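Undergrad: Just one file: data.txt, with compact mmCIF, C-alpha atoms.
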# COMPACT_ATOMS: atom_id res chain seq x y z
CA LEU A 1 -7.65 -9.45 41.53
CA LEU A 2 -9.43 -9.85 38.20
CA ASN A 3 -9.65 -13.50 37.12
CA ILE A 4 -9.12 -13.90 33.38
CA ASN A 5 -9.33 -17.19 31.49
CA VAL A 6 -7.67 -16.95 28.07
CA GLY A 7 -7.99 -20.08 25.96
CA GLY A 8 -8.11 -22.32 29.08
CA LYS A 9 -5.26 -20.66 30.97
CA LEU A 10 -5.98 -18.62 34.07
CA PHE A 11 -4.39 -15.21 34.70
CA GLN A 12 -4.89 -12.87 37.65
CA ILE A 13 -4.25 -9.12 37.36
CA ALA A 14 -4.88 -6.45 40.00
CA TYR A 15 -7.68 -3.98 39.32
CA LYS A 16 -5.46 -1.01 40.11
CA VAL A 17 -2.93 -2.15 37.51
CA LEU A 18 -5.58 -2.49 34.81
CA ALA A 19 -7.05 0.90 35.73
CA GLN A 20 -3.80 2.54 34.61
CA TYR A 21 -4.70 1.68 31.01
CA PRO A 22 -8.40 2.62 30.76
CA ILE A 23 -8.57 2.52 26.93
CA THR A 24 -7.57 -1.16 26.74
CA ARG A 25 -10.10 -3.98 26.81
CA LEU A 26 -9.06 -5.23 30.25
CA GLY A 27 -8.84 -1.66 31.54
CA LYS A 28 -12.46 -1.10 30.58
CA LEU A 29 -13.37 -4.44 32.12
CA ALA A 30 -11.83 -3.34 35.42
CA LEU A 31 -13.46 0.12 35.41
CA TYR A 32 -16.99 -0.74 34.22
CA THR A 33 -19.59 -1.29 36.89
CA ASP A 34 -22.42 -2.27 34.59
CA PRO A 35 -22.47 -6.12 34.24
CA VAL A 36 -23.99 -5.88 30.75
CA LYS A 37 -21.09 -3.77 29.46
CA LYS A 38 -18.61 -6.18 31.05
CA LEU A 39 -20.20 -9.13 29.28
CA GLN A 40 -19.89 -7.28 25.98
CA LEU A 41 -16.11 -7.12 26.43
CA CYS A 42 -15.59 -10.88 26.97
CA ASP A 43 -16.77 -14.09 25.34
CA ASP A 44 -18.20 -15.69 28.46
CA TYR A 45 -18.41 -15.32 32.25
CA LEU A 46 -18.14 -18.14 34.77
CA VAL A 47 -20.20 -17.15 37.82
CA GLN A 48 -18.94 -19.94 40.10
CA LYS A 49 -15.26 -19.00 39.64
CA ASN A 50 -15.81 -15.30 38.87
CA GLU A 51 -13.78 -15.69 35.68
CA TYR A 52 -14.02 -13.73 32.47
CA PHE A 53 -13.39 -16.05 29.55
CA PHE A 54 -11.70 -14.94 26.30
CA ASP A 55 -11.41 -17.29 23.36
CA ARG A 56 -8.01 -15.98 22.25
CA ASP A 57 -4.47 -17.29 21.90
CA PRO A 58 -3.01 -17.82 25.41
CA SER A 59 0.61 -17.91 24.13
CA ILE A 60 0.40 -14.32 22.88
CA PHE A 61 -1.52 -13.22 25.96
CA HIS A 62 1.60 -13.95 28.01
CA TYR A 63 3.11 -10.83 26.41
CA ILE A 64 -0.09 -8.87 27.13
CA PHE A 65 0.05 -10.06 30.74
CA HIS A 66 3.70 -9.01 30.96
CA PHE A 67 2.78 -5.59 29.53
CA TYR A 68 0.32 -4.89 32.36
CA ARG A 69 2.89 -5.93 34.95
CA SER A 70 5.89 -4.04 33.54
CA GLY A 71 4.41 -1.39 31.22
CA VAL A 72 6.54 -2.61 28.29
CA LEU A 73 5.25 -4.67 25.36
CA TRP A 74 7.83 -7.19 24.14
CA VAL A 75 7.80 -8.68 20.64
CA MET A 76 9.51 -12.01 19.96
CA ASP A 77 10.98 -12.92 16.58
CA GLU A 78 9.30 -16.34 16.39
CA MET A 79 5.79 -14.86 16.39
CA CYS A 80 3.81 -14.17 13.24
CA PRO A 81 3.65 -10.37 12.89
CA SER A 82 0.14 -10.34 11.42
CA ASN A 83 -1.22 -12.57 14.18
CA PHE A 84 0.51 -10.54 16.89
CA VAL A 85 -0.82 -7.23 15.59
CA GLU A 86 -4.32 -8.71 15.34
CA GLU A 87 -4.14 -9.89 18.95
CA ILE A 88 -2.88 -6.62 20.44
CA GLU A 89 -5.54 -4.72 18.48
CA TYR A 90 -8.17 -6.99 20.03
CA TRP A 91 -6.85 -6.27 23.52
CA GLY A 92 -6.74 -2.54 22.71
CA ILE A 93 -2.99 -2.15 23.23
CA HIS A 94 -1.09 0.18 20.93
CA LEU A 95 2.23 -0.77 19.43
CA LYS A 96 3.76 2.42 20.83
CA TYR A 97 4.13 0.67 24.23
CA SER A 98 6.78 -1.62 22.75
CA GLN A 99 10.47 -0.83 22.57
CA ARG A 100 11.77 0.92 19.44
CA CYS A 101 13.95 -2.03 18.47
CA CYS A 102 10.96 -4.36 18.71
CA ARG A 103 8.82 -2.04 16.58
CA ILE A 104 11.49 -1.83 13.90
CA LEU A 105 11.89 -5.62 13.74
CA LEU A 106 8.12 -6.13 13.69
CA GLU A 107 7.64 -3.61 10.86
CA GLU A 108 10.41 -5.28 8.87
CA LYS A 109 8.81 -8.68 9.32
CA ARG A 110 5.40 -7.29 8.34
CA ASP A 111 6.88 -5.73 5.20
CA GLU A 112 8.65 -8.99 4.33
CA LEU A 113 5.46 -10.95 4.87
CA SER A 114 3.35 -8.58 2.75
CA GLU A 115 6.00 -8.64 0.01
CA TYR A 116 6.09 -12.44 0.14
CA LEU A 117 2.30 -12.70 -0.14
CA LYS A 118 2.30 -10.19 -3.00
CA ILE A 119 4.92 -12.18 -4.91
CA GLU A 120 3.06 -15.43 -4.27
CA LYS A 121 -0.12 -13.92 -5.70
CA GLU A 122 1.72 -12.60 -8.76
CA LEU A 123 3.42 -15.98 -9.26
CA GLU A 124 0.04 -17.71 -9.25
CA ALA A 125 -1.30 -15.12 -11.70
CA GLU A 126 1.73 -15.75 -13.93
CA LEU A 127 0.54 -19.27 -14.70
CA GLU A 128 -3.18 -18.59 -14.54
CA PRO A 129 -4.66 -18.23 -18.04
CA LEU A 130 -6.54 -15.07 -18.94
CA GLU A 131 -9.69 -17.04 -19.47
CA SER A 132 -11.19 -19.96 -17.61
CA GLY A 133 -13.38 -22.79 -18.79
CA THR A 134 -16.38 -21.53 -16.83
CA GLN A 135 -16.45 -18.19 -18.70
CA PHE A 136 -17.86 -19.84 -21.81
CA ASP A 137 -21.03 -21.08 -20.12
CA GLY A 138 -24.13 -19.57 -21.70
CA LYS A 139 -22.23 -17.74 -24.46
CA PHE A 140 -22.45 -18.03 -28.22
CA LEU A 141 -20.85 -21.32 -29.31
CA GLY A 142 -19.62 -21.70 -25.75
CA ARG A 143 -18.99 -25.42 -25.97
CA PHE A 144 -17.02 -25.12 -29.21
CA ARG A 145 -15.01 -22.13 -27.95
CA LYS A 146 -14.22 -23.95 -24.72
CA MET A 147 -12.90 -26.91 -26.70
CA VAL A 148 -10.70 -24.59 -28.80
CA TRP A 149 -9.54 -22.82 -25.65
CA ASN A 150 -8.45 -26.10 -24.07
CA LEU A 151 -6.52 -27.02 -27.21
CA ILE A 152 -4.63 -23.71 -27.31
CA GLU A 153 -4.34 -22.51 -23.71
CA ASN A 154 -4.33 -25.70 -21.64
CA PRO A 155 -1.69 -28.14 -22.94
CA TYR A 156 -2.34 -30.54 -20.03
CA SER A 157 -6.02 -30.98 -20.90
CA SER A 158 -5.50 -33.59 -23.63
CA VAL A 159 -2.95 -35.21 -25.91
CA PRO A 160 -3.89 -33.04 -28.94
CA ALA A 161 -3.41 -29.92 -26.81
CA LYS A 162 0.05 -31.12 -25.82
CA ILE A 163 0.88 -31.81 -29.47
CA ILE A 164 -0.19 -28.30 -30.47
CA ALA A 165 2.00 -26.81 -27.74
CA VAL A 166 5.00 -28.84 -28.94
CA MET A 167 4.28 -27.89 -32.56
CA SER A 168 4.13 -24.22 -31.62
CA SER A 169 7.61 -24.36 -30.10
CA PHE A 170 8.86 -26.42 -33.05
CA PHE A 171 7.64 -23.91 -35.65
CA VAL A 172 9.20 -21.05 -33.68
CA LEU A 173 12.57 -22.79 -33.82
CA ILE A 174 12.13 -23.62 -37.51
CA SER A 175 11.29 -20.00 -38.26
CA ILE A 176 14.37 -18.71 -36.41
CA VAL A 177 16.60 -21.27 -38.14
CA GLY A 178 15.13 -20.29 -41.53
CA MET A 179 15.72 -16.60 -40.88
CA THR A 180 19.31 -17.36 -39.87
CA LEU A 181 20.04 -19.52 -42.93
CA SER A 182 18.58 -16.89 -45.26
CA THR A 183 21.58 -14.65 -44.47
CA VAL A 184 24.15 -17.31 -45.51
CA ASP A 185 25.70 -16.64 -48.92
CA GLU A 186 25.27 -20.26 -50.03
CA MET A 187 21.51 -20.00 -49.44
CA LYS A 188 21.04 -16.79 -51.44
CA ASN A 189 20.69 -18.58 -54.75
CA LYS A 190 17.37 -19.18 -56.44
CA THR A 191 16.81 -22.65 -54.97
CA GLY A 192 17.75 -21.56 -51.44
CA LYS A 193 15.47 -18.55 -51.58
CA MET A 194 12.60 -20.72 -52.77
CA TRP A 195 13.05 -23.15 -49.87
CA MET A 196 13.31 -20.32 -47.36
CA GLU A 197 10.16 -18.66 -48.72
CA GLN A 198 8.21 -21.91 -48.55
CA MET A 199 9.40 -22.54 -44.98
CA GLU A 200 8.44 -18.99 -44.00
CA MET A 201 5.01 -19.41 -45.59
CA ILE A 202 4.34 -22.65 -43.69
CA CYS A 203 5.40 -21.07 -40.38
CA ALA A 204 3.29 -17.98 -41.04
CA ILE A 205 0.23 -20.11 -41.84
CA PHE A 206 0.65 -22.04 -38.58
CA PHE A 207 1.15 -18.88 -36.50
CA THR A 208 -1.83 -17.23 -38.14
CA SER A 209 -4.04 -20.26 -37.48
CA GLU A 210 -2.90 -20.37 -33.88
CA TYR A 211 -3.61 -16.65 -33.42
CA LEU A 212 -7.08 -16.96 -34.95
CA MET A 213 -7.88 -19.90 -32.70
CA ARG A 214 -6.89 -17.83 -29.68
CA LEU A 215 -9.02 -14.96 -30.94
CA ILE A 216 -12.03 -17.22 -31.46
CA SER A 217 -11.73 -18.75 -27.99
CA ALA A 218 -11.31 -15.40 -26.21
CA SER A 219 -14.28 -14.46 -24.03
CA SER A 220 -13.26 -10.77 -24.01
CA PHE A 221 -11.83 -9.14 -27.12
CA ARG A 222 -10.43 -6.21 -25.12
CA ASN A 223 -8.58 -8.44 -22.66
CA PHE A 224 -7.30 -10.48 -25.58
CA LEU A 225 -5.69 -7.44 -27.21
CA ARG A 226 -4.23 -6.22 -23.92
CA ALA A 227 -2.50 -9.53 -23.14
CA ALA A 228 1.28 -9.47 -23.62
CA PHE A 229 1.54 -12.97 -25.10
CA ASN A 230 -1.14 -12.21 -27.69
CA ALA A 231 0.72 -9.05 -28.68
CA ILE A 232 3.84 -11.17 -29.18
CA ASP A 233 1.85 -13.58 -31.37
CA LEU A 234 0.61 -10.67 -33.47
CA VAL A 235 4.14 -9.30 -33.89
CA ALA A 236 5.26 -12.77 -34.93
CA ILE A 237 2.87 -12.98 -37.91
CA LEU A 238 2.71 -9.34 -39.05
CA PRO A 239 6.18 -9.25 -40.74
CA PHE A 240 5.18 -11.96 -43.22
CA TYR A 241 2.11 -10.09 -44.47
CA ILE A 242 3.81 -6.69 -44.37
CA GLN A 243 6.67 -8.18 -46.38
CA ILE A 244 4.23 -9.43 -49.03
CA LEU A 245 2.58 -6.00 -49.15
CA PHE A 246 5.88 -4.16 -49.48
CA GLU A 247 7.17 -6.56 -52.13
CA ASN A 248 4.09 -5.88 -54.24
CA LEU A 249 4.57 -2.16 -53.75
CA ASP A 250 8.23 -2.61 -54.54
CA ASP A 251 7.41 -4.21 -57.92
CA GLY A 252 4.91 -1.52 -58.80
CA ASP A 253 7.22 1.29 -57.76
CA MET A 254 10.13 -0.26 -59.69
CA GLN A 255 8.16 -0.21 -62.93
CA TYR A 256 7.10 3.34 -62.27
CA HIS A 257 10.59 4.54 -61.43
CA GLU A 258 12.18 2.75 -64.35
CA GLU A 259 10.11 4.99 -66.58
CA LEU A 260 11.22 8.09 -64.65
CA HIS A 261 14.81 6.85 -64.09
CA LYS A 262 14.48 7.43 -60.33
CA VAL A 263 15.08 4.69 -57.80
CA GLU A 264 15.52 6.63 -54.55
CA ASN A 265 12.15 5.65 -53.12
CA VAL A 266 12.70 2.02 -54.15
CA SER A 267 15.94 1.87 -52.19
CA LYS A 268 14.15 3.35 -49.15
CA LEU A 269 11.45 0.73 -49.55
CA GLY A 270 14.10 -1.97 -49.57
CA LYS A 271 15.51 -0.71 -46.27
CA VAL A 272 12.06 -0.77 -44.72
CA LEU A 273 11.59 -4.31 -46.03
CA LYS A 274 14.83 -5.43 -44.38
CA LEU A 275 13.64 -3.90 -41.13
CA ILE A 276 10.34 -5.74 -41.42
CA LYS A 277 12.17 -9.02 -42.00
CA LEU A 278 14.28 -8.39 -38.92
CA MET A 279 11.12 -8.20 -36.82
CA ARG A 280 10.79 -11.95 -37.24
CA ILE A 281 13.41 -12.34 -34.52
CA PHE A 282 10.68 -11.48 -31.98
CA ARG A 283 9.11 -14.86 -32.70
CA ILE A 284 11.54 -16.39 -30.26
CA LEU A 285 9.57 -14.63 -27.51
CA LYS A 286 6.72 -17.04 -28.28
CA LEU A 287 8.73 -19.72 -26.49
CA ALA A 288 8.00 -17.92 -23.21
CA ARG A 289 4.39 -19.15 -23.45
CA HIS A 290 5.56 -22.75 -23.02
CA SER A 291 8.82 -22.23 -21.09
CA THR A 292 8.75 -21.95 -17.31
CA GLY A 293 12.39 -20.79 -17.29
CA LEU A 294 11.70 -17.83 -19.57
CA ARG A 295 8.67 -16.90 -17.49
CA ALA A 296 10.76 -17.07 -14.32
CA PHE A 297 13.42 -14.87 -15.93
CA SER A 298 10.84 -12.31 -17.04
CA PHE A 299 9.23 -12.38 -13.59
CA THR A 300 12.64 -11.89 -11.95
CA MET A 301 13.38 -8.86 -14.09
CA ARG A 302 9.99 -7.34 -13.23
CA GLN A 303 10.44 -7.93 -9.51
CA CYS A 304 14.06 -6.73 -9.45
CA TYR A 305 13.67 -3.72 -11.72
CA GLN A 306 14.82 -1.38 -8.93
CA GLN A 307 18.08 -3.30 -8.46
CA VAL A 308 18.61 -3.50 -12.22
CA CYS A 309 17.99 0.24 -12.66
CA CYS A 310 20.37 0.94 -9.78
CA LEU A 311 23.02 -1.23 -11.46
CA LEU A 312 22.57 0.61 -14.75
CA LEU A 313 22.88 3.92 -12.90
CA PHE A 314 26.16 2.83 -11.32
CA ILE A 315 27.44 1.66 -14.70
CA ALA A 316 26.55 5.01 -16.29
CA MET A 317 28.28 6.87 -13.45
CA GLY A 318 31.35 4.69 -13.86
CA VAL A 319 31.44 5.21 -17.63
CA PHE A 320 31.26 9.00 -17.32
CA THR A 321 33.75 9.14 -14.45
CA PHE A 322 36.46 6.87 -15.85
CA SER A 323 36.10 8.20 -19.40
CA ALA A 324 36.76 11.71 -18.07
CA LEU A 325 39.75 10.49 -16.05
CA ILE A 326 41.32 8.52 -18.89
CA HIS A 327 40.85 11.45 -21.27
CA SER A 328 42.51 13.87 -18.86
CA VAL A 329 45.67 11.74 -18.60
CA GLU A 330 45.83 10.41 -22.19
CA HIS A 331 44.66 13.21 -24.48
CA ASP A 332 48.19 14.63 -24.92
CA VAL A 333 49.69 11.30 -26.06
CA PRO A 334 50.42 11.28 -29.83
CA GLY A 335 48.12 8.94 -31.76
CA THR A 336 45.88 8.27 -28.78
CA GLY A 337 42.34 7.05 -29.21
CA PHE A 338 41.11 9.10 -26.27
CA THR A 339 40.72 12.32 -28.23
CA SER A 340 37.56 13.28 -26.35
CA ILE A 341 35.43 12.07 -23.47
CA PRO A 342 32.71 10.63 -25.79
CA CYS A 343 35.44 8.67 -27.60
CA ALA A 344 36.48 7.21 -24.22
CA TRP A 345 32.94 6.05 -23.38
CA TRP A 346 33.35 2.81 -25.34
CA TRP A 347 36.64 2.00 -23.58
CA ALA A 348 35.08 2.69 -20.16
CA ALA A 349 32.02 0.54 -20.99
CA VAL A 350 34.00 -2.52 -22.10
CA SER A 351 36.39 -2.11 -19.16
CA LEU A 352 33.61 -1.88 -16.59
CA SER A 353 31.99 -4.99 -18.06
CA THR A 354 35.42 -6.72 -17.79
CA VAL A 355 35.20 -7.67 -21.48
CA GLY A 356 38.20 -5.60 -22.55
CA TYR A 357 38.35 -5.82 -26.34
CA GLY A 358 41.74 -4.10 -26.39
CA ASP A 359 40.89 -1.93 -29.40
CA THR A 360 41.73 1.17 -27.33
CA VAL A 361 44.31 0.96 -24.55
CA PRO A 362 46.11 3.58 -22.39
CA ASP A 363 49.82 4.20 -23.07
CA THR A 364 50.93 6.10 -19.98
CA ILE A 365 51.53 4.66 -16.52
CA LEU A 366 48.93 6.97 -15.01
CA GLY A 367 46.43 5.91 -17.66
CA ARG A 368 47.05 2.25 -16.86
CA MET A 369 46.48 2.97 -13.18
CA VAL A 370 43.12 4.55 -14.07
CA ALA A 371 42.33 1.49 -16.20
CA PHE A 372 43.17 -0.84 -13.30
CA VAL A 373 40.85 1.07 -10.96
CA CYS A 374 38.13 1.02 -13.64
CA ILE A 375 38.40 -2.76 -14.13
CA SER A 376 38.47 -3.39 -10.36
CA PHE A 377 35.37 -1.24 -9.92
CA GLY A 378 33.67 -3.18 -12.73
CA ILE A 379 34.43 -6.53 -11.05
CA ILE A 380 32.96 -5.35 -7.75
CA LEU A 381 29.98 -3.72 -9.45
CA ASN A 382 29.09 -6.75 -11.57
CA GLY A 383 29.45 -9.14 -8.64
CA MET A 384 27.06 -7.28 -6.34
CA PRO A 385 23.64 -7.99 -7.91
CA ILE A 386 24.41 -11.39 -9.44
CA SER A 387 23.79 -13.37 -6.26
CA ILE A 388 20.56 -11.47 -5.55
CA LEU A 389 19.20 -11.97 -9.06
CA TYR A 390 20.26 -15.62 -9.21
CA ASN A 391 18.75 -16.49 -5.83
CA LYS A 392 15.46 -14.82 -6.73
CA PHE A 393 15.43 -16.47 -10.15
CA SER A 394 16.00 -19.91 -8.59
CA ASP A 395 13.27 -19.28 -6.03
CA TYR A 396 10.76 -18.03 -8.60
CA TYR A 397 11.56 -20.85 -11.01
CA ALA A 398 11.06 -23.51 -8.31
CA LYS A 399 7.74 -21.96 -7.25
CA LEU A 400 6.49 -21.62 -10.81
CA LYS A 401 7.45 -25.21 -11.54
CA ALA A 402 5.78 -26.48 -8.38
CA HIS A 403 2.62 -24.49 -9.12
CA GLU A 404 2.61 -25.76 -12.68
CA MET A 405 2.97 -29.37 -11.55
CA SER A 406 0.20 -28.96 -8.98
CA GLN A 407 -2.12 -27.71 -11.71
Could you take the file, read its structure, and then write that structure out as structure tokens?

TA:
Amino acid sequence: LLNINVGGKLFQIAYKVLAQYPITRLGKLALYTDPVKKLQLCDDYLVQKNEYFFDRDPSIFHYIFHFYRSGVLWVMDEMCPSNFVEEIEYWGIHLKYSQRCCRILLEEKRDELSEYLKIEKELEAELEPLESGTQFDGKFLGRFRKMVWNLIENPYSSVPAKIIAVMSSFFVLISIVGMTLSTVDEMKNKTGKMWMEQMEMICAIFFTSEYLMRLISASSFRNFLRAAFNAIDLVAILPFYIQILFENLDDGDMQYHEELHKVENVSKLGKVLKLIKLMRIFRILKLARHSTGLRAFSFTMRQCYQQVCCLLLFIAMGVFTFSALIHSVEHDVPGTGFTSIPCAWWWAAVSLSTVGYGDTVPDTILGRMVAFVCISFGIILNGMPISILYNKFSDYYAKLKAHEMSQ
């Protein structure tokens, strides 16, 4: 018998049993005759007891010991898959000796563990700023840029930094409210327009100052431009300056076209100006910089993009299928709204979403049966991914919040 001491526990295995697996560590230990080679395979050797000592986990070695006795490697659910694979690789035992069911469960656990660690790393990176305070050491105006960076990027560093973060969210809300009120008829008079323009100017000045401060405190200009939040900040301030530019061009073009009695280009310019003004709605995305909930929602969508794309695929299949069915049974009805399959797409979309505006409804019994099947399919389809998305969102939000509080 070969005496083996693993982590303080003694095991005895017959030499002839170990010799059946010559490529394993213990198989080599049983077959080698050179004492030097044997000592290279173990951590220590006790001469008095003739024991080969291995500083490994004795609880996992029980499964290794059972493998040599039975020829089958068992894998228990309670074991860490990474630790188990590391141990069997040390002992030179291949996973192929385990049962197929055990291999499948182990691979699933390894995939779950790797996915969990990947998500944890991405969650930590979600709250980690692009820069760090140590990156300004030894650079031009490093102390000043670090101070500006703390004010803008680290709201927990000081009271002024917290105030700036609150002001940033406040000006975003004011800007959105101002854009909303500018469309009200009562605010389209001269006084209302003046107040809206002044409010927009103040918000634009604050957003511009904030963007310039971020630009000054950036240690890498390339990384600054590639950051998503900085792109959102740039989109938030560009409409104001583009609007001023287009309004000046609008005045010049109006004088020119009044002389030529042509106003086509001026009307096109006005449409472009309206589109530029509409871009101000993207300022609400700036709230994601200071909102853990919005970050968790964005992170959930990025992690569950496969499920979301699959849901959209099922919705598209349902729209095409049920629009074709409803058209085939309703197109002969006088005054029907299902004159073609594209005309039935809207009905199928609102029915699958269970909204049901009722602007287009089937008249025949067969058409109502198709509508019932369509609505039932929509209920089942919409209910499938909701629990998955909600559970992941709750999990990601709790982890982001905990990581934020720990920082």

Undergrad: Any idea what's packed within 9 Å of Ile281 of chain A, counting all atoms listed in the file, ignoring anything in its chain fewer than 6 positions away? Could you give it as an mmCIF file with C-alpha atoms, in the coordinates of the input?

TA:
data_model
loop_
_atom_site.group_PDB
_atom_site.id
_atom_site.type_symbol
_atom_site.label_atom_id
_atom_site.label_comp_id
_atom_site.auth_asym_id
_atom_site.auth_seq_id
_atom_site.Cartn_x
_atom_site.Cartn_y
_atom_site.Cartn_z
ATOM 1 C CA SER A 175 11.290 -20.000 -38.260
ATOM 2 C CA ILE A 176 14.370 -18.710 -36.410
ATOM 3 C CA MET A 179 15.720 -16.600 -40.880
ATOM 4 C CA ALA A 236 5.260 -12.770 -34.930
#

Undergrad: Nearest residue to Glu86 of chain A out of A:Ile237, A:Leu1, A:Ile60, A:Ile380, using all atoms listed in the file?

TA: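 Among the listed residues, the smallest separation from Glu86 of chain A belongs to A:Ile60.
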
Undergrad: Given all atoms listed in the file as the basis, pick out the residue of A:Arg110, A:Asp55, A:Lys392, A:Tyr21 nearest to Gly92 of chain A.

TA: A:Tyr21

Undergrad: Taking 3 positions as the minimum chain separation for residues in the same chain, which residues sit within 8 Å of Ala218 of chain A when counting all atoms listed in the file? Answer as a PyMOL selection string.

TA: chain A and resi 131+145+149+214-215+221+224

Undergrad: Just the residues within 9 Å of segment 320-325 of chain A, please, counting all atoms listed in the file, with nothing from its chain fewer than 3 positions along; format it as a list of chain:residue names.

TA: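 Answer for this query is A:Ile315, A:Ala316, A:Met317, A:Ser328, A:Val329, A:Glu330, A:Phe338, A:Ser340, A:Ile341, A:Pro342, A:Cys343, A:Ala344, A:Trp345, A:Trp346, A:Trp347, A:Ala348, A:Ala349, A:Gly367, A:Val370, A:Ala371, A:Val373, A:Cys374.
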
Undergrad: List as a PyMOL selection string the protein and nucleic acid residues near Leu389 of chain A, meaning an atom at most 10 Å away when all atoms listed in the file are counted, but skip any in the same chain fewer than 2 places from it.

TA: chain A and resi 297+300-301+303-304+307-308+384-387+391-395

Undergrad: Record the distance separating atom CA of Lys28 of chain A and atom CA of Leu46 of chain A, expressed in Å with one decimal.

TA: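 Separation between atom CA of Lys28 of chain A and atom CA of Leu46 of chain A: 18.4 Å.
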
Undergrad: Kindly give the distance, in Å, that separates atom CA of Lys399 of chain A and atom CA of Ile163 of chain A, rounded to a single decimal.

TA: 25.3 Å

Undergrad: Counting all atoms listed in the file, which residues have an atom no more than 7 Å from (34.9, -2.2, -13.9) in the file's coordinates? Please list them as a ChimeraX atom specification.

TA: /A:351-354,374-379,381

Undergrad: Give me the residues within 12 Å of Ser70 of chain A as JSON, numbers by chain, counting all atoms listed in the file and dropping any in the same chain fewer than 3 places off.

TA: {"A": [13, 17, 18, 20, 63, 64, 65, 66, 67, 73, 74, 97, 98]}

Undergrad: What's the separation between atom CA of Gly178 of chain A and atom CA of Ile216 of chain A, in Å to one decimal place?

TA: 29.1 Å

Undergrad: Which residue gives the smallest distance to Asp44 of chain A among A:Cys102, A:Asn5, A:Lys146, A:Phe299, with all atoms listed in the file counted?

TA: A:Asn5

Undergrad: Determine the nearest neighbour of Arg69 of chain A from the options A:His94, A:Lys16, A:Lys109, A:Arg302, counting all atoms listed in the file.

TA: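 Among the listed residues, A:Lys16 lies closest to Arg69 of chain A.
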